[in-house]
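These notes concern the structure reproduced below.
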Amino acid sequence: MKITKEFTNLEKSAVKLTVTVAKKDVEEAYKSTLSNYVKNAQIPGFRKGHVPANILEKKYGDSLKIDTLNNLINDSMNEIFEKETDNRPLPYAQPVMDQAPELDMTKDFTYSVTYDVFPKVEVKDFSGITIKEPQVTIGDAEINEELKTMQERNAMITDKKDGTVEKGNVVTMNYSEIGDDGKVIDGSLREDFVFTVGSGENLYKVDDDVVGMKLNETKEITKKYKKDDSNEELAGKTKKISVTIKKIAVRDIPALDDDFAQDVSDKYKTLDDLKKDITRNMETAKSRKLKELKNNSLLEQLVEKNPFDIPASMLQAELDGRWNMMAQQFQTTPEQLDKMITASGQTKEAMLKEWTGDSEKMLKSRIIVDSLLRARNISVTPEEIEAQYKVIADEGGMDVEEVKKHYSDPRAKEYLIDDTKENKLYDQLYKEVKVTKGDKVSFKELFETR
């Protein structure tokens, strides 16, 4: 088939493909289609395969032309995209015909389609990029904070049948908001709410007010909230809350000793073993978080310095994917999720619009990385993968063979290879940009940073 093609670049990484098929091939395509009709047509008065062509043309003229058009378009596009590498359609949407073409056997056949292509990105501008790396120290304070959390997690909870509520007690209470008419405000009643007194983890922040209350005692509390209260629903308001104590319990915090370490896990023999493991885990978590922050900062700056558009179909596919994932999290269907969101006073369209900015940034970052990997022809060797197994084992306190067993799954292995390639890329990039020391932050603050 003699074909000429012309690509015209459009906005948002779309192209217009104009294809012309030579008149001779158009004639051959029509004859081939007509021949198939002759072979398969069944018309009363004629044996199958012996219906005269002129009768079929009179009876099925329009269908013959439509089928010929479809064959010409499909065959020509398949031939083009078998060889074309730079302007292949993205899989998220089908090419769209600009207008319905007409078949005229006396002329060349021309048609045009529009579709999205992968963005052509050349990442060349690294000037002025500076990465600030937060400075984080893990010391005794951080280790002790983690040990305290583990103590609380392993504490025994026992009922306190006599006495009063004290700070640190675990309290079960019923509460409701009281209106000016002295009646319970609809929707405010909450039963069997459990919280630790002093934690502040309750809606009306009544920790100090319940201290001293007895089991089954009911108390009406009047609370005035500051104008700058973190809860906008409470800020600057006065509320009356009725509280009934249903249960009081105390936490029996275990002592920090070798027995405690052994209770946490059989792999620990002493408290020092546990502390060493905590330190290693925190160092690993710190390294991963710093890597994430540095990479995000680098990609944000590269996206800003090397602007390009995201194809509309790629963005829509990403938004649809997020919507479907949200439906899975709610254990429902995308259609049912739409109804749930509408019932709550929101709309799917508004939520997708809200997600668009972050989705575009994420896609651009992904495309930047993919473009750099291809441009720099980055690959990994079996020896580098072996070294990565060792790194993962050391970070997780595992045996190398355990790690290898996990990555024996082809998908997991492919993920590891891709991750190792990206690590090699970032190692190169950090030699080409400026990395400076950032502010000193605590271990906890580090994980509050985005």
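In the structure tokens, chains take letters A, B, ... by order of appearance, with residues numbered from 1 within each chain and ligands from 1 in the order shown.
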Closest-contact table, stretch 230-336 of chain A side, partner stretch 170-182 of chain A, 12 Å, counting only C-alpha atoms, as a tab-separated table:
```
residue	atom	partner	partner_atom	distance
A:Leu234	CA	A:Glu177	CA	12.0
A:Thr238	CA	A:Gly179	CA	10.7
A:Lys239	CA	A:Glu177	CA	7.2
A:Lys240	CA	A:Ile178	CA	5.2
A:Ile241	CA	A:Glu177	CA	4.5
A:Ser242	CA	A:Ser176	CA	5.4
A:Val243	CA	A:Tyr175	CA	4.5
A:Thr244	CA	A:Asn174	CA	5.2
A:Ile245	CA	A:Met173	CA	4.5
A:Lys246	CA	A:Met173	CA	5.1
A:Lys247	CA	A:Thr172	CA	4.9
A:Ile248	CA	A:Val171	CA	4.7
A:Ala249	CA	A:Val170	CA	4.9
A:Val250	CA	A:Val170	CA	6.0
A:Arg251	CA	A:Val170	CA	7.3
A:Asp252	CA	A:Val170	CA	11.0
```
Pull N, CA, C and O atoms from the residues just selected and write them as a PDB file, in the first residue's frame.
```
ATOM      1  N   LEU A 234     -15.745  25.353  66.841  1.00  0.00           N
ATOM      2  CA  LEU A 234     -15.790  25.757  68.251  1.00  0.00           C
ATOM      3  C   LEU A 234     -15.248  27.167  68.480  1.00  0.00           C
ATOM      4  O   LEU A 234     -15.601  27.811  69.476  1.00  0.00           O
ATOM      5  N   THR A 238     -19.366  29.427  72.903  1.00  0.00           N
ATOM      6  CA  THR A 238     -19.579  28.834  74.226  1.00  0.00           C
ATOM      7  C   THR A 238     -20.490  27.631  74.056  1.00  0.00           C
ATOM      8  O   THR A 238     -21.541  27.720  73.413  1.00  0.00           O
ATOM      9  N   LYS A 239     -20.079  26.499  74.608  1.00  0.00           N
ATOM     10  CA  LYS A 239     -20.842  25.268  74.451  1.00  0.00           C
ATOM     11  C   LYS A 239     -21.181  24.680  75.820  1.00  0.00           C
ATOM     12  O   LYS A 239     -20.387  24.760  76.764  1.00  0.00           O
ATOM     13  N   LYS A 240     -22.363  24.064  75.902  1.00  0.00           N
ATOM     14  CA  LYS A 240     -22.751  23.304  77.096  1.00  0.00           C
ATOM     15  C   LYS A 240     -22.735  21.824  76.717  1.00  0.00           C
ATOM     16  O   LYS A 240     -23.385  21.421  75.754  1.00  0.00           O
ATOM     17  N   ILE A 241     -21.952  21.058  77.484  1.00  0.00           N
ATOM     18  CA  ILE A 241     -21.800  19.642  77.177  1.00  0.00           C
ATOM     19  C   ILE A 241     -22.172  18.813  78.392  1.00  0.00           C
ATOM     20  O   ILE A 241     -21.692  19.065  79.503  1.00  0.00           O
ATOM     21  N   SER A 242     -23.032  17.820  78.161  1.00  0.00           N
ATOM     22  CA  SER A 242     -23.395  16.886  79.226  1.00  0.00           C
ATOM     23  C   SER A 242     -22.522  15.645  79.088  1.00  0.00           C
ATOM     24  O   SER A 242     -22.449  15.042  78.014  1.00  0.00           O
ATOM     25  N   VAL A 243     -21.829  15.275  80.190  1.00  0.00           N
ATOM     26  CA  VAL A 243     -20.903  14.146  80.173  1.00  0.00           C
ATOM     27  C   VAL A 243     -21.296  13.151  81.254  1.00  0.00           C
ATOM     28  O   VAL A 243     -21.564  13.536  82.400  1.00  0.00           O
ATOM     29  N   THR A 244     -21.342  11.851  80.881  1.00  0.00           N
ATOM     30  CA  THR A 244     -21.581  10.786  81.854  1.00  0.00           C
ATOM     31  C   THR A 244     -20.431   9.796  81.780  1.00  0.00           C
ATOM     32  O   THR A 244     -20.118   9.270  80.697  1.00  0.00           O
ATOM     33  N   ILE A 245     -19.775   9.543  82.922  1.00  0.00           N
ATOM     34  CA  ILE A 245     -18.650   8.607  82.966  1.00  0.00           C
ATOM     35  C   ILE A 245     -19.187   7.184  83.083  1.00  0.00           C
ATOM     36  O   ILE A 245     -19.853   6.829  84.057  1.00  0.00           O
ATOM     37  N   LYS A 246     -18.895   6.346  82.100  1.00  0.00           N
ATOM     38  CA  LYS A 246     -19.399   4.980  82.073  1.00  0.00           C
ATOM     39  C   LYS A 246     -18.354   3.959  82.540  1.00  0.00           C
ATOM     40  O   LYS A 246     -18.704   2.884  83.032  1.00  0.00           O
ATOM     41  N   LYS A 247     -17.077   4.314  82.392  1.00  0.00           N
ATOM     42  CA  LYS A 247     -16.034   3.372  82.770  1.00  0.00           C
ATOM     43  C   LYS A 247     -14.737   4.129  82.984  1.00  0.00           C
ATOM     44  O   LYS A 247     -14.419   5.073  82.266  1.00  0.00           O
ATOM     45  N   ILE A 248     -13.985   3.715  84.015  1.00  0.00           N
ATOM     46  CA  ILE A 248     -12.668   4.296  84.283  1.00  0.00           C
ATOM     47  C   ILE A 248     -11.664   3.145  84.322  1.00  0.00           C
ATOM     48  O   ILE A 248     -11.898   2.138  85.001  1.00  0.00           O
ATOM     49  N   ALA A 249     -10.572   3.298  83.606  1.00  0.00           N
ATOM     50  CA  ALA A 249      -9.549   2.245  83.586  1.00  0.00           C
ATOM     51  C   ALA A 249      -8.173   2.874  83.729  1.00  0.00           C
ATOM     52  O   ALA A 249      -7.971   4.052  83.431  1.00  0.00           O
ATOM     53  N   VAL A 250      -7.238   2.075  84.213  1.00  0.00           N
ATOM     54  CA  VAL A 250      -5.864   2.566  84.366  1.00  0.00           C
ATOM     55  C   VAL A 250      -4.931   1.718  83.503  1.00  0.00           C
ATOM     56  O   VAL A 250      -5.175   0.536  83.258  1.00  0.00           O
ATOM     57  N   ARG A 251      -3.879   2.377  83.030  1.00  0.00           N
ATOM     58  CA  ARG A 251      -2.859   1.678  82.250  1.00  0.00           C
ATOM     59  C   ARG A 251      -1.741   1.244  83.183  1.00  0.00           C
ATOM     60  O   ARG A 251      -1.173   2.053  83.895  1.00  0.00           O
ATOM     61  N   ASP A 252      -1.424  -0.016  83.134  1.00  0.00           N
ATOM     62  CA  ASP A 252      -0.297  -0.538  83.901  1.00  0.00           C
ATOM     63  C   ASP A 252       0.903  -0.578  82.951  1.00  0.00           C
ATOM     64  O   ASP A 252       1.072  -1.513  82.174  1.00  0.00           O
TER      65      ASP A 252
END
```
Find the nearest atom pair between each residue of stretch 277-362 of chain A and stretch 107-119 of chain A for residues within 10 Å, count only C-alpha atoms, give distances in Å to one decimal, sort rows by chain and ascending number, and present the table as CSV.
```
residue,atom,partner,partner_atom,distance
A:Phe308,CA,A:Pro119,CA,7.4
A:Asp309,CA,A:Pro119,CA,7.2
A:Ile310,CA,A:Pro119,CA,7.0
A:Pro311,CA,A:Asp116,CA,5.9
A:Ala312,CA,A:Asp116,CA,7.5
A:Ser313,CA,A:Asp116,CA,7.0
A:Met314,CA,A:Asp116,CA,8.2
```
In Å, with one decimal, what is the gap from atom CA of A:Leu363 to atom CA of A:Gln316?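 Calculated distance between atom CA of A:Leu363 and atom CA of A:Gln316 is 11.2 Å.
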Which value, in Å to one decimal, gives the distance between atom CA of A:Lys437 and atom CA of A:Pro134? 6.4 Å
Using atom CA of A:Asp207 and atom CA of A:Glu166 as the two end points, give the distance in Å to one decimal.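 Here the two named atoms are 9.4 Å from each other.
Remark: for A:Ala22, the closest of the candidate residues A:Leu429, A:Met105, A:Ala343, A:Val96 is A:Met105 (distances computed over only C-alpha atoms).
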Could you check which of A:Met362, A:Leu103, A:Val184, A:Ala393 is closest to A:Arg280, using only C-alpha atoms?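 When distances to A:Arg280 are compared using only C-alpha atoms, the smallest one comes from A:Ala393.
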DSSP-assigned strand (DSSP E) members of stretch 75-120 of chain A, reported as a PyMOL selection string: chain A and resi 96-97+109-116
Take the residues just selected and output them with C-alpha atoms as a CSV table (one decimal), in the first residue's frame.
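And here's selection06.csv as it stands now:
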```csv
chain,number,residue,atom,x,y,z
A,96,VAL,CA,-10.6,10.7,16.8
A,97,MET,CA,-11.6,11.2,13.1
A,109,PHE,CA,-8.1,8.7,-0.3
A,110,THR,CA,-7.3,11.2,2.4
A,111,TYR,CA,-8.3,11.3,6.0
A,112,SER,CA,-7.2,12.9,9.3
A,113,VAL,CA,-7.2,11.7,12.9
A,114,THR,CA,-6.3,13.5,16.1
A,115,TYR,CA,-4.8,11.7,19.2
A,116,ASP,CA,-2.6,12.2,22.2
```
Find the residues around A:Asn74 up to 12 Å (only C-alpha atoms counted), leave out those fewer than 3 positions away in its own chain, and share them as an MDAnalysis selection string. chainID A and resid 19 21 29 67:71 77:81 95 111 113
Counting only C-alpha atoms, the residue of A:Glu201, A:Glu145, A:Glu27, A:Glu386 that sits nearest A:Leu72: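 Closest to A:Leu72, using only C-alpha atoms: A:Glu27.
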Identify, on the basis of only C-alpha atoms, every residue whose closest approach to A:Glu432 does not exceed 12 Å; exclude the query and any residue fewer than 3 positions from it along the same chain; express the result as an MDAnalysis selection string. chainID A and resid 124:131 298 425:429 435
Go through A:Thr137, A:Arg450, A:Val380, A:Gly236 and flag the residue nearest A:Ser287, using only C-alpha atoms for the distances. A:Thr137
At a cut-off of 12 Å, using only C-alpha atoms, what residues contact stretch 405-420 of chain A? Leave out same-chain residues fewer than 2 positions from it and give the result as a ChimeraX atom specification. /A:369-370,373,378-389,391-393,398-403,422-427
Would you list the contacts of A:Leu274 as a list of chain:residue names, taking every protein, DNA or RNA residue within 12 Å and counting only C-alpha atoms, but skipping same-chain residues closer than 4 positions in sequence? A:Ile143, A:Asn144, A:Glu146, A:Leu147, A:Met150, A:Leu256, A:Asp257, A:Asp258, A:Asp259, A:Phe260, A:Ala261, A:Gln262, A:Asp263, A:Val264, A:Ser265, A:Asp266, A:Lys267, A:Tyr268, A:Lys269, A:Thr270, A:Ile278, A:Thr279, A:Arg280, A:Asn281
Pick from A:Thr18, A:Asn324, A:Gln301, A:Asn9 nearest to A:Lys120, counting only C-alpha atoms: A:Asn9
Please identify the helix (DSSP H, G or I) residues within stretch 87-260 of chain A (assignment by DSSP from backbone atoms) and present them as a PyMOL selection string. chain A and resi 140-153+207-210+258-260
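Of the listed residues A:Asp338, A:Glu84, A:Asp159, A:Glu220, the one whose atoms come nearest to A:Leu17 is A:Glu84, with distances taken using only C-alpha atoms.
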